[in-house]
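Shown next: start_17.txt, given as compact mmCIF, C-alpha atoms.
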# COMPACT_ATOMS: atom_id res chain seq x y z
CA MET F 1 -50.68 -6.59 -2.61
CA MET F 2 -49.94 -9.79 -0.76
CA PRO F 3 -46.90 -11.84 -1.72
CA THR F 4 -47.21 -15.46 -2.57
CA ALA F 5 -44.16 -17.67 -2.09
CA GLN F 6 -40.68 -16.16 -1.97
CA GLY F 7 -39.81 -14.53 -5.29
CA GLU F 8 -43.17 -15.27 -6.92
CA SER F 9 -44.85 -11.93 -6.19
CA PRO F 10 -45.71 -9.68 -9.13
CA ALA F 11 -42.77 -7.60 -10.38
CA LEU F 12 -44.87 -4.42 -10.14
CA ALA F 13 -44.87 -4.63 -6.34
CA ARG F 14 -41.62 -2.81 -5.63
CA ARG F 15 -42.08 -2.37 -1.90
CA ALA F 16 -44.53 -3.42 0.71
CA VAL F 17 -44.14 -3.64 4.46
CA LEU F 18 -46.27 -6.38 5.92
CA ASP F 19 -46.98 -7.45 9.46
CA ALA F 20 -47.01 -11.23 9.35
CA ALA F 21 -47.60 -12.86 12.73
CA GLY F 22 -46.15 -9.89 14.59
CA GLY F 23 -42.88 -9.97 12.63
CA ARG F 24 -42.02 -7.39 10.06
CA SER F 25 -41.58 -8.58 6.47
CA TRP F 26 -40.62 -6.67 3.35
CA LEU F 27 -41.35 -7.20 -0.29
CA VAL F 28 -38.59 -5.50 -2.27
CA ALA F 29 -38.41 -5.71 -6.08
CA GLY F 30 -40.56 -8.81 -6.07
CA ARG F 31 -38.58 -10.61 -3.35
CA PHE F 32 -40.06 -11.50 0.01
CA LEU F 33 -37.65 -10.63 2.82
CA ASP F 34 -38.07 -11.40 6.48
CA ARG F 35 -35.52 -11.49 9.29
CA ALA F 36 -34.40 -15.06 8.49
CA SER F 37 -33.74 -14.34 4.80
CA LEU F 38 -31.97 -11.09 5.73
CA LEU F 39 -29.78 -13.02 8.21
CA ALA F 40 -28.92 -15.51 5.46
CA ARG F 41 -27.97 -12.69 3.09
CA ARG F 42 -25.89 -11.00 5.81
CA GLU F 43 -23.99 -14.23 6.41
CA ARG F 44 -23.46 -14.78 2.69
CA LEU F 45 -22.15 -11.21 2.25
CA GLY F 46 -19.95 -11.41 5.34
CA VAL F 47 -21.09 -8.09 6.78
CA ALA F 48 -21.85 -7.28 10.42
CA ARG F 49 -25.15 -5.46 9.80
CA LEU F 50 -27.70 -5.57 7.02
CA ALA F 51 -30.95 -3.67 7.43
CA LEU F 52 -33.87 -2.42 5.37
CA CYS F 53 -35.26 0.78 6.86
CA GLN F 54 -38.17 3.06 6.07
CA GLY F 55 -39.08 6.41 7.57
CA GLU F 56 -36.99 8.83 9.56
CA GLY F 57 -36.38 9.63 13.21
CA ALA F 58 -38.89 8.16 15.67
CA ALA F 59 -41.07 6.87 12.84
CA GLU F 60 -38.24 4.78 11.41
CA ALA F 61 -38.97 1.08 11.00
CA CYS F 62 -36.16 -1.38 10.20
CA LEU F 63 -35.94 -5.04 9.37
CA GLU F 64 -32.46 -5.80 10.66
CA ALA F 65 -30.01 -8.66 10.68
CA SER F 66 -26.92 -7.84 12.68
CA ALA F 67 -24.14 -9.40 14.68
CA LEU F 68 -23.37 -6.42 16.84
CA GLY F 69 -20.53 -6.79 19.27
CA ASP F 70 -18.23 -4.36 21.03
CA SER F 71 -16.44 -3.50 17.80
CA PRO F 72 -17.57 -0.29 16.09
CA LEU F 73 -19.13 -0.57 12.64
CA LEU F 74 -18.39 1.25 9.46
CA GLU F 75 -21.88 1.81 8.05
CA ARG F 76 -23.22 3.05 4.75
CA SER F 77 -26.86 3.83 4.09
CA LEU F 78 -28.02 3.62 0.48
CA PRO F 79 -31.38 4.97 -0.68
CA LEU F 80 -33.73 2.58 -2.45
CA PRO F 81 -35.48 4.89 -4.93
CA SER F 82 -37.69 2.15 -6.33
CA ALA F 83 -38.85 1.20 -2.84
CA GLY F 84 -40.58 4.47 -2.00
CA ALA F 85 -39.89 7.56 0.04
CA ALA F 86 -37.23 7.39 2.74
CA ALA F 87 -36.56 3.68 2.18
CA ARG F 88 -32.92 2.67 2.41
CA LEU F 89 -30.55 -0.24 2.70
CA VAL F 90 -28.03 -0.08 5.56
CA VAL F 91 -24.84 -2.13 5.36
CA GLY F 92 -22.38 -2.24 8.26
CA VAL F 93 -18.91 -3.78 8.28
CA ASP F 94 -16.96 -4.57 11.44
CA ARG F 95 -14.15 -2.00 11.68
CA GLY F 96 -11.90 -4.24 13.80
CA PRO F 97 -10.43 -6.26 10.91
CA LEU F 98 -10.19 -3.12 8.76
CA LEU F 99 -8.24 -1.30 11.47
CA ALA F 100 -5.96 -4.32 11.95
CA LEU F 101 -5.37 -4.44 8.19
CA ARG F 102 -4.53 -0.73 8.17
CA ARG F 103 -2.08 -1.20 11.07
CA GLY F 104 -0.47 -4.14 9.28
CA LEU F 105 -0.14 -2.15 6.06
CA ARG F 106 1.42 0.76 7.93
CA LEU F 107 3.98 -1.57 9.51
CA ARG F 108 4.79 -3.12 6.14
CA VAL F 109 5.24 0.29 4.53
CA LEU F 110 7.51 1.40 7.38
CA ALA F 111 9.53 -1.82 7.11
CA LEU F 112 9.88 -1.40 3.35
CA ALA F 113 10.94 2.24 3.78
CA ALA F 114 13.55 1.22 6.38
CA ALA F 115 14.83 -1.57 4.12
CA ALA F 116 15.04 0.84 1.17
CA ALA F 117 16.96 3.36 3.32
CA LEU F 118 19.42 0.66 4.46
CA LEU F 119 19.86 -0.56 0.89
CA ALA F 120 20.52 3.00 -0.31
CA LEU F 121 23.03 3.47 2.51
CA GLY F 122 24.83 0.23 1.61
CA VAL F 123 24.97 1.09 -2.09
CA GLY F 124 26.21 4.60 -1.23
CA LEU F 125 28.97 3.21 0.99
CA ALA F 126 30.07 0.72 -1.65
CA LEU F 127 30.18 3.42 -4.32
CA SER F 128 32.06 5.81 -2.05
CA ARG F 129 34.67 3.17 -1.26
CA GLY F 130 35.11 2.54 -4.97
CA LEU F 131 35.77 6.24 -5.50
CA VAL F 132 37.65 7.17 -2.33
CA GLY F 133 40.24 4.35 -2.49
CA PRO F 134 41.70 5.29 -5.88
CA VAL F 135 41.56 9.03 -5.08
CA GLU F 136 43.44 8.44 -1.80
CA SER F 137 46.04 6.35 -3.67
CA LEU F 138 46.44 9.17 -6.21
CA ALA F 139 46.82 11.80 -3.46
CA GLU F 140 49.43 9.68 -1.66
CA ALA F 141 51.42 9.10 -4.87
CA ALA F 142 51.24 12.82 -5.73
CA GLY F 143 52.61 13.67 -2.27
CA ARG F 144 55.50 11.20 -2.67
CA LEU F 145 56.21 12.50 -6.18
CA ALA F 146 56.27 16.07 -4.88
CA GLY F 147 58.70 14.91 -2.16
CA GLY F 148 61.17 13.71 -4.82
CA ASP F 149 60.21 10.02 -5.11
CA LEU F 150 60.02 9.73 -8.92
CA GLY F 151 59.12 6.05 -8.66
CA ALA F 152 55.80 6.87 -6.91
CA ARG F 153 52.80 5.51 -8.75
CA ALA F 154 49.09 5.56 -8.03
CA GLY F 155 48.11 1.95 -7.47
CA GLY F 156 44.90 0.10 -8.01
CA GLY F 157 42.23 0.59 -10.55
CA SER F 158 38.78 2.00 -10.47
CA ARG F 159 35.45 0.91 -11.92
CA VAL F 160 34.91 4.50 -13.10
CA ALA F 161 36.37 5.13 -16.56
CA GLU F 162 37.22 8.76 -15.90
CA LEU F 163 39.03 7.93 -12.67
CA ASP F 164 40.95 5.14 -14.44
CA ALA F 165 41.99 7.62 -17.14
CA LEU F 166 43.22 10.05 -14.44
CA LEU F 167 45.25 7.29 -12.73
CA ARG F 168 46.83 6.22 -16.04
CA ALA F 169 47.67 9.83 -16.89
CA PHE F 170 49.28 10.38 -13.47
CA ASN F 171 51.30 7.18 -13.71
CA GLY F 172 52.33 8.10 -17.27
CA MET F 173 53.43 11.51 -16.03
CA GLY F 174 55.49 9.85 -13.27
CA GLU F 175 57.18 7.52 -15.78
CA GLU F 176 57.94 10.43 -18.10
CA LEU F 177 59.42 12.44 -15.19
CA GLU F 178 61.54 9.45 -14.21
CA ARG F 179 62.81 9.03 -17.80
CA SER F 180 63.54 12.76 -18.03
CA GLN F 181 65.49 12.61 -14.77
CA ASP F 182 67.46 9.61 -16.02
CA ARG F 183 68.34 11.45 -19.27
CA LEU F 184 69.49 14.51 -17.32
CA VAL F 185 71.65 12.40 -15.04
CA GLN F 186 73.39 10.66 -17.98
Can you give me the file's structure in the form of structure tokens?
Amino acid sequence: MMPTAQGESPALARRAVLDAAGGRSWLVAGRFLDRASLLARRERLGVARLALCQGEGAAEACLEASALGDSPLLERSLPLPSAGAAARLVVGVDRGPLLALRRGLRLRVLALAAAAALLALGVGLALSRGLVGPVESLAEAAGRLAGGDLGARAGGGSRVAELDALLRAFNGMGEELERSQDRLVQ
């Protein structure tokens, strides 16, 4: 079945391989494809290789449009069941940009992980200072109180309610001890 103009061939002609003036042409699903139209489709898709192949091994025949360079391709071959036995579409994408994108994503993930670790460290240090300062003040005041200084008080406040309650209780105990001492002395 010979195709007429591009796209005007009968819809029943699913596949035909024609030799037109020494160049290979394909008729797939009613569309006439030659190397020029395949090149145009490859450019429009932005892929490095686009090929229609039929047969296997040494008997394989391909109509190919490719921009092959030194960069390796990531290729996928898809069977064309409506186009007959062993017919397939081969699409190849340049791996260079994909590898660069993967490297860039890895670096971003590592940078985000490092930033998260530094943020966690900073938050941990800030929280520990908020807890350690009042506890140290309480320990110092308890040591002075044990040494006989009844006027010793735990200074400062805390942003933790339980720690604030402990500081108030200790200071209240110190005041009560001081009042008791004053009553005994009188």
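Between atom CA of F:Ala111 and atom CA of F:Leu74 there is a distance of 28.2 Å.
Between atom CA of F:Leu89 and atom CA of F:Cys62 the separation is 9.4 Å.
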Between atom CA of F:Ala165 and atom CA of F:Arg179, distance in Å (one decimal)
20.9 Å
Go through F:Leu145, F:Leu112, F:Ala51, F:Ala139 and flag the residue nearest F:Glu75, using all atoms listed in the file for the distances.
F:Ala51
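Between F:Arg168 and the candidates F:Leu138, F:Val109, F:Leu127, F:Leu101, the tightest atom-to-atom separation, counting all atoms listed in the file, involves F:Leu138.
Shortest atom-to-atom contact with F:Val135 among F:Val185, F:Leu52, F:Gly156, F:Val93: F:Gly156, counting only C-alpha atoms.
Among F:Arg35, F:Arg41, F:Val160, F:Gly172, the residue with the shortest atom-to-atom distance to F:Ser128, counting all atoms listed in the file, is F:Val160.
Counting all atoms listed in the file, F:Gln181 has the following residues at most 9 Å away, ignoring those fewer than 5 positions along the same chain: Leu150, Glu176 and Gln186 of chain F.
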Taking all atoms listed in the file into account, name the residue in F:Leu131, F:Ala48, F:Leu118, F:Leu110 that is nearest to F:Val91.
F:Ala48
